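structure32.csv (CSV, C-alpha atoms)
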chain,number,residue,atom,x,y,z
A,13,LEU,CA,-20.3,-51.9,34.6
A,14,TYR,CA,-22.8,-52.3,31.8
A,15,THR,CA,-22.9,-51.5,28.1
A,16,LEU,CA,-25.9,-50.8,25.9
A,17,THR,CA,-25.1,-50.9,22.2
A,18,ASN,CA,-26.8,-49.8,19.1
A,19,VAL,CA,-28.9,-47.2,20.9
A,20,PRO,CA,-30.6,-45.2,18.1
A,21,LEU,CA,-30.3,-41.4,18.2
A,22,SER,CA,-32.3,-38.7,16.4
A,23,SER,CA,-30.7,-35.4,15.4
A,24,GLY,CA,-30.9,-33.0,18.3
A,25,VAL,CA,-31.5,-33.8,22.0
A,26,ASN,CA,-32.4,-37.4,23.0
A,27,ASN,CA,-33.7,-37.9,26.5
A,28,PHE,CA,-33.3,-41.4,28.1
A,29,SER,CA,-34.3,-42.9,31.4
A,30,ILE,CA,-32.0,-45.7,32.6
A,31,ARG,CA,-33.7,-48.2,35.0
A,32,ALA,CA,-31.7,-50.7,37.0
A,33,THR,CA,-33.4,-53.7,38.7
A,34,ASP,CA,-31.5,-55.9,41.1
A,35,VAL,CA,-32.2,-59.6,41.8
A,36,ALA,CA,-34.4,-58.6,44.8
A,37,GLY,CA,-36.6,-56.5,42.5
A,38,ASN,CA,-35.3,-53.2,43.8
A,39,GLN,CA,-35.3,-50.4,41.1
A,40,ALA,CA,-33.4,-47.2,40.6
A,41,THR,CA,-33.5,-44.8,37.6
A,42,THR,CA,-31.4,-42.0,36.3
A,43,ALA,CA,-31.9,-39.6,33.4
A,44,ILE,CA,-29.5,-38.9,30.6
A,45,SER,CA,-29.6,-36.6,27.7
A,46,ILE,CA,-27.5,-37.2,24.6
A,47,THR,CA,-27.3,-34.6,21.8
A,48,ARG,CA,-26.7,-35.7,18.3
A,49,ASP,CA,-25.0,-33.0,16.2
A,50,SER,CA,-25.0,-34.3,12.7
A,51,ASN,CA,-24.0,-31.2,10.7
A,52,THR,CA,-22.1,-27.9,10.9
A,53,PRO,CA,-22.9,-24.7,9.0
A,54,THR,CA,-20.9,-24.0,5.9
A,55,PRO,CA,-18.2,-21.5,6.7
A,56,THR,CA,-18.0,-18.1,5.0
A,57,ALA,CA,-14.7,-16.6,3.8
A,58,LEU,CA,-13.6,-13.2,2.6
A,59,LEU,CA,-10.6,-10.9,2.6
A,60,ASP,CA,-10.5,-8.5,5.6
A,61,SER,CA,-10.7,-4.8,4.7
A,62,ALA,CA,-7.0,-4.2,5.2
A,63,SER,CA,-6.1,-7.0,2.8
A,64,ASP,CA,-8.6,-6.1,0.1
A,65,SER,CA,-6.5,-3.4,-1.4
A,66,GLY,CA,-8.7,-2.3,-4.2
A,67,VAL,CA,-12.5,-2.4,-4.4
A,68,GLN,CA,-13.8,-3.9,-1.1
A,69,GLY,CA,-15.4,-7.3,-1.7
A,70,ASP,CA,-13.8,-8.0,-5.1
A,71,ARG,CA,-11.2,-10.4,-3.5
A,72,ILE,CA,-8.4,-8.7,-5.5
A,73,THR,CA,-5.3,-7.6,-3.7
A,74,ASN,CA,-1.7,-6.4,-4.4
A,75,LEU,CA,-0.4,-7.8,-1.1
A,76,PRO,CA,1.8,-11.0,-0.9
A,77,GLY,CA,0.3,-12.0,2.4
A,78,VAL,CA,-3.4,-11.5,3.4
A,79,THR,CA,-5.9,-12.2,6.2
A,80,ILE,CA,-8.9,-14.3,5.5
A,81,GLN,CA,-11.9,-13.9,7.8
A,82,GLY,CA,-15.4,-15.1,8.1
A,83,THR,CA,-17.9,-17.1,10.1
A,84,ALA,CA,-18.3,-20.7,11.2
A,85,GLU,CA,-20.0,-22.6,14.0
A,86,PRO,CA,-18.8,-21.1,17.4
A,87,GLY,CA,-15.9,-23.1,18.6
A,88,ALA,CA,-15.2,-24.8,15.3
A,89,LEU,CA,-11.7,-25.2,14.0
A,90,VAL,CA,-11.3,-23.5,10.7
A,91,GLU,CA,-8.3,-24.4,8.6
A,92,ILE,CA,-7.0,-23.8,5.1
A,93,VAL,CA,-6.7,-27.2,3.5
A,94,GLY,CA,-3.2,-28.1,2.5
A,95,THR,CA,-1.6,-25.5,4.8
A,96,ALA,CA,-0.7,-25.4,8.5
A,97,LEU,CA,-2.9,-22.2,8.9
A,98,SER,CA,-6.0,-22.4,11.1
A,99,ALA,CA,-8.0,-20.5,13.7
A,100,THR,CA,-10.9,-21.3,16.1
A,101,ALA,CA,-14.2,-19.5,15.7
A,102,ASP,CA,-15.0,-17.4,18.7
A,103,GLY,CA,-18.3,-17.5,20.7
A,104,SER,CA,-20.0,-15.4,18.0
A,105,GLY,CA,-18.7,-17.7,15.2
A,106,ASN,CA,-16.1,-15.2,13.9
A,107,TYR,CA,-12.6,-16.3,12.9
A,108,SER,CA,-9.5,-14.7,11.3
A,109,ILE,CA,-6.6,-16.5,9.7
A,110,THR,CA,-3.6,-14.2,9.2
A,111,SER,CA,-0.4,-14.3,7.1
A,112,VAL,CA,-1.9,-16.3,4.2
A,113,PRO,CA,0.6,-16.3,1.4
A,114,VAL,CA,-0.8,-15.3,-2.0
A,115,ASN,CA,1.0,-15.8,-5.4
A,116,VAL,CA,0.7,-13.4,-8.3
A,117,GLY,CA,-2.5,-14.4,-10.2
A,118,SER,CA,-5.4,-16.5,-9.1
A,119,ASN,CA,-5.2,-18.4,-5.8
A,120,LEU,CA,-7.9,-21.0,-4.8
A,121,PHE,CA,-8.2,-21.8,-1.1
A,122,THR,CA,-10.5,-24.3,0.6
A,123,LEU,CA,-11.6,-23.5,4.1
A,124,ARG,CA,-12.6,-26.5,6.2
A,125,ALA,CA,-14.6,-26.1,9.5
A,126,THR,CA,-14.7,-28.9,12.0
A,127,ASP,CA,-17.1,-28.5,14.9
A,128,ALA,CA,-16.8,-30.0,18.4
A,129,ALA,CA,-18.8,-33.1,17.3
A,130,GLY,CA,-16.4,-33.8,14.4
A,131,ASN,CA,-18.8,-32.6,11.7
A,132,GLN,CA,-17.1,-30.9,8.8
A,133,ALA,CA,-18.1,-28.4,6.1
A,134,THR,CA,-16.0,-26.6,3.5
A,135,ALA,CA,-16.1,-23.4,1.4
A,136,ASP,CA,-13.9,-22.2,-1.4
A,137,ILE,CA,-12.5,-18.7,-1.9
A,138,THR,CA,-10.5,-17.4,-4.9
A,139,ILE,CA,-8.1,-14.5,-4.2
A,140,THR,CA,-6.4,-12.7,-7.1
A,141,ARG,CA,-3.1,-11.0,-6.5
A,142,ASP,CA,-2.5,-8.2,-9.0
A,143,SER,CA,1.0,-6.8,-8.3
A,144,ASP,CA,1.5,-4.2,-11.0
A,145,THR,CA,-0.3,-2.0,-13.5
A,146,PRO,CA,0.9,-0.7,-16.9
A,147,ILE,CA,2.3,2.8,-17.2
A,148,PRO,CA,-0.4,5.0,-18.6
A,149,THR,CA,0.0,7.1,-21.7
A,150,ALA,CA,-1.1,10.7,-22.1
A,151,GLY,CA,-1.5,13.1,-25.0
A,152,LEU,CA,-3.6,15.9,-26.5
A,153,PRO,CA,-6.3,14.9,-28.9
A,154,ALA,CA,-6.4,16.6,-32.3
A,155,PRO,CA,-8.9,19.4,-31.4
A,156,SER,CA,-6.7,20.4,-28.4
A,157,ASP,CA,-3.3,20.0,-30.0
A,158,THR,CA,-3.4,23.1,-32.2
A,159,GLY,CA,0.1,22.9,-33.5
A,160,THR,CA,1.8,19.8,-34.8
A,161,LEU,CA,-0.1,16.8,-33.6
A,162,GLY,CA,1.8,15.0,-30.8
A,163,ASP,CA,4.0,17.9,-29.8
A,164,LEU,CA,1.9,18.8,-26.7
A,165,ILE,CA,1.8,22.4,-27.7
A,166,THR,CA,-1.5,24.3,-27.9
A,167,SER,CA,-2.9,27.8,-28.0
A,168,PHE,CA,-5.9,26.9,-25.9
A,169,ALA,CA,-6.5,27.9,-22.3
A,170,SER,CA,-8.3,24.6,-21.6
A,171,VAL,CA,-7.7,21.2,-23.2
A,172,SER,CA,-8.6,17.5,-23.1
A,173,ILE,CA,-6.0,14.9,-22.2
A,174,GLU,CA,-6.5,11.4,-23.4
A,175,GLY,CA,-4.5,8.2,-23.4
A,176,THR,CA,-4.5,4.6,-22.2
A,177,ALA,CA,-4.3,2.8,-18.8
A,178,GLU,CA,-5.3,-0.5,-17.4
A,179,PRO,CA,-9.1,-1.1,-18.0
A,180,GLY,CA,-11.1,0.0,-15.1
A,181,ALA,CA,-8.2,2.0,-13.6
A,182,ARG,CA,-8.9,5.4,-12.0
A,183,VAL,CA,-6.9,8.0,-13.9
A,184,GLU,CA,-6.3,11.4,-12.2
A,185,LEU,CA,-4.3,14.6,-12.7
A,186,VAL,CA,-2.7,14.9,-9.3
A,187,GLY,CA,-3.5,18.2,-7.6
A,188,THR,CA,-6.2,19.3,-10.0
A,189,GLY,CA,-9.2,17.3,-8.8
A,190,LEU,CA,-9.8,16.1,-12.3
A,191,PHE,CA,-10.1,12.3,-12.8
A,192,THR,CA,-11.9,9.7,-14.9
A,193,THR,CA,-12.0,5.9,-15.3
A,194,ALA,CA,-10.4,4.0,-18.1
A,195,ASN,CA,-13.0,2.1,-20.1
A,196,GLY,CA,-13.0,-1.6,-20.9
A,197,SER,CA,-10.5,-1.0,-23.7
A,198,GLY,CA,-8.2,1.0,-21.4
A,199,LEU,CA,-9.1,4.4,-23.0
A,200,TYR,CA,-9.6,7.5,-20.9
A,201,ASN,CA,-10.3,11.2,-21.6
A,202,ILE,CA,-10.1,14.0,-19.1
A,203,VAL,CA,-11.8,17.2,-20.3
A,204,ASN,CA,-11.5,20.9,-19.4
A,205,VAL,CA,-8.0,20.8,-18.1
A,206,PRO,CA,-6.9,24.4,-17.5
A,207,LEU,CA,-3.5,25.6,-18.8
A,208,SER,CA,-1.4,28.6,-17.8
A,209,VAL,CA,0.6,30.3,-20.5
A,210,GLY,CA,3.9,28.6,-20.9
A,211,SER,CA,4.9,25.2,-19.5
A,212,ASN,CA,2.4,23.1,-17.5
A,213,LEU,CA,3.9,20.0,-15.8
A,214,PHE,CA,1.3,17.3,-14.9
A,215,THR,CA,1.5,14.1,-12.9
A,216,LEU,CA,-1.0,11.6,-14.3
A,217,ARG,CA,-1.7,8.8,-11.7
A,218,ALA,CA,-3.4,5.5,-12.6
A,219,THR,CA,-4.7,3.4,-9.8
A,220,ASP,CA,-6.0,-0.1,-10.8
A,221,ILE,CA,-8.7,-2.1,-9.1
A,222,ALA,CA,-6.1,-3.9,-7.0
A,223,GLY,CA,-4.8,-0.6,-5.6
A,224,ASN,CA,-1.5,-0.6,-7.6
A,225,ILE,CA,-0.4,2.9,-8.5
A,226,VAL,CA,1.8,4.2,-11.3
A,227,ASP,CA,2.6,7.8,-12.2
A,228,LEU,CA,3.4,9.5,-15.5
A,229,PHE,CA,4.9,12.9,-15.8
A,230,PHE,CA,4.4,15.0,-18.9
A,231,ASN,CA,4.5,18.6,-19.9
A,232,VAL,CA,1.9,20.6,-22.0
A,233,VAL,CA,2.9,24.0,-23.4
A,234,ARG,CA,0.4,26.7,-23.9
A,235,ASP,CA,1.7,29.1,-26.6
A,236,SER,CA,-0.6,32.1,-26.8
A,237,GLN,CA,1.8,34.5,-28.6
A,238,ALA,CA,1.1,35.0,-32.2
A,239,PRO,CA,4.2,35.0,-34.4
A,240,ALA,CA,5.5,38.5,-35.3
A,241,ILE,CA,5.2,39.6,-39.0
A,242,ASN,CA,8.2,41.4,-40.3
A,243,PHE,CA,8.1,43.2,-43.6
A,244,ASN,CA,10.2,45.7,-45.5
A,245,LEU,CA,9.0,48.4,-47.8
A,246,GLN,CA,10.9,48.7,-51.0
A,247,HIS,CA,11.0,51.9,-53.1
A,248,HIS,CA,11.4,51.8,-56.8

What is this file in structure tokens?
Amino acid sequence: LYTLTNVPLSSGVNNFSIRATDVAGNQATTAISITRDSNTPTPTALLDSASDSGVQGDRITNLPGVTIQGTAEPGALVEIVGTALSATADGSGNYSITSVPVNVGSNLFTLRATDAAGNQATADITITRDSDTPIPTAGLPAPSDTGTLGDLITSFASVSIEGTAEPGARVELVGTGLFTTANGSGLYNIVNVPLSVGSNLFTLRATDIAGNIVDLFFNVVRDSQAPAINFNLQHH
């Protein structure tokens, strides 16, 4: 047995020829290649489409458990630091870690990839869990509410409905095809809402960016009947 120590290696493939010479002067050689892998690519991380319950790519979800997926060096072990959760990147470098618990609010995760040579690289991902959305409000603005303001009674065949919801939420009148988006202050306005004579029951649905849904039921009355005028003639 022999040992050669402190053999310098460059990054990448290093080719060596080992020559043995015995006491009689006979020689024999053999070739050896040693690869020095000194780094591993930084992994990527994102929510898979089924876990990203709102806008795809915004890393906001309403789920208590999610799947984190991404890429790393093929064969690398990818783990969530501080947990027992991990996966191995496949031959194409893809990995998927399932059943990652998420608390309400902001959750910072550090993904660590360790390749076959022991090199490590990390990446952070912040996932926000939004588990509820405020109940929206709905009413008729002054021009549409022709009677007493706030009584939801009008004489118009078409009205505007306005109110408040979570900023950025999609607000729709279910079954009508009418919808809008609440602005940064949470205000919305849906115009040209048709009314039948009499009672009109609406379902107002607000869906926030995390995919949480809340409904509000309200009734708008269209009163198109003018009041009767009664009078009596008196003779003197």

With only C-alpha atoms counted, which protein, DNA or RNA residues have an atom no more than 6 Å from (-26.7, -37.4, 18.9) in the file frame? Please answer as a list in words.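 Every polymer residue passing the test: Leu21, Ser23, Ile46, Thr47, Arg48 and Asp49 of chain A.
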
Calculate how many Å separate atom CA of A:Pro148 from atom CA of A:Leu216, rounding to one decimal. 7.9 Å

Using all atoms listed in the file, pick whichever of A:Leu123, A:Ile139, A:Ile92, A:Val233 has the shortest atom-to-atom distance to A:Val78.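 Under the stated criterion, the closest residue is A:Ile139.
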
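The smallest atom-to-atom distance between A:Ala101 and any of A:Asn119, A:Ser50, A:Thr56, A:Ser63, using all atoms listed in the file, is found for A:Thr56.
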
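The list of residues within 9 Å of (-8.1, -8.3, 6.5), counted using all atoms listed in the file, is Leu58, Leu59, Asp60, Ser61, Ala62, Ser63, Asp64, Val78, Thr79, Ile80, Gln81, Ser108, Ile109 and Thr110 of chain A.
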
Residues of stretch 49-161 of chain A that have any atom at most 12 Å from an atom of stretch 194-199 of chain A: could you tabulate them with the shortest-distance atom pair and the distance in Å to one decimal, using all atoms listed in the file, ordered by chain and increasing number, as a Markdown table?
| residue | atom | partner | partner_atom | distance |
| --- | --- | --- | --- | --- |
| A:Thr145 | CA | A:Gly198 | CA | 11.6 |
| A:Pro146 | CA | A:Gly198 | CA | 10.3 |
| A:Ile147 | CA | A:Gly198 | CA | 11.5 |
| A:Pro148 | CA | A:Gly198 | CA | 9.2 |
| A:Thr149 | CA | A:Leu199 | CA | 9.6 |
| A:Ala150 | CA | A:Leu199 | CA | 10.2 |
| A:Gly151 | CA | A:Leu199 | CA | 11.7 |

Go through A:Asp70, A:Asp136, A:Asp235, A:Glu85 one by one, measure the shortest atom-to-atom distance of each to A:Ala57 using only C-alpha atoms, and give the residue with the smallest value. A:Asp136

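Those residues that approach stretch 27-30 of chain A to within 7 Å, counting all atoms listed in the file, are Thr41, Thr42, Ala43, Ile44, Ser45 and Ile46 of chain A; same-chain residues fewer than 4 positions away are not listed.
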
So which one's closest to A:Phe230, A:Val112, A:Ala129, A:Ile202, A:Ile173? Using all atoms listed in the file, please.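 Smallest distance to A:Phe230 is found for A:Ile173.
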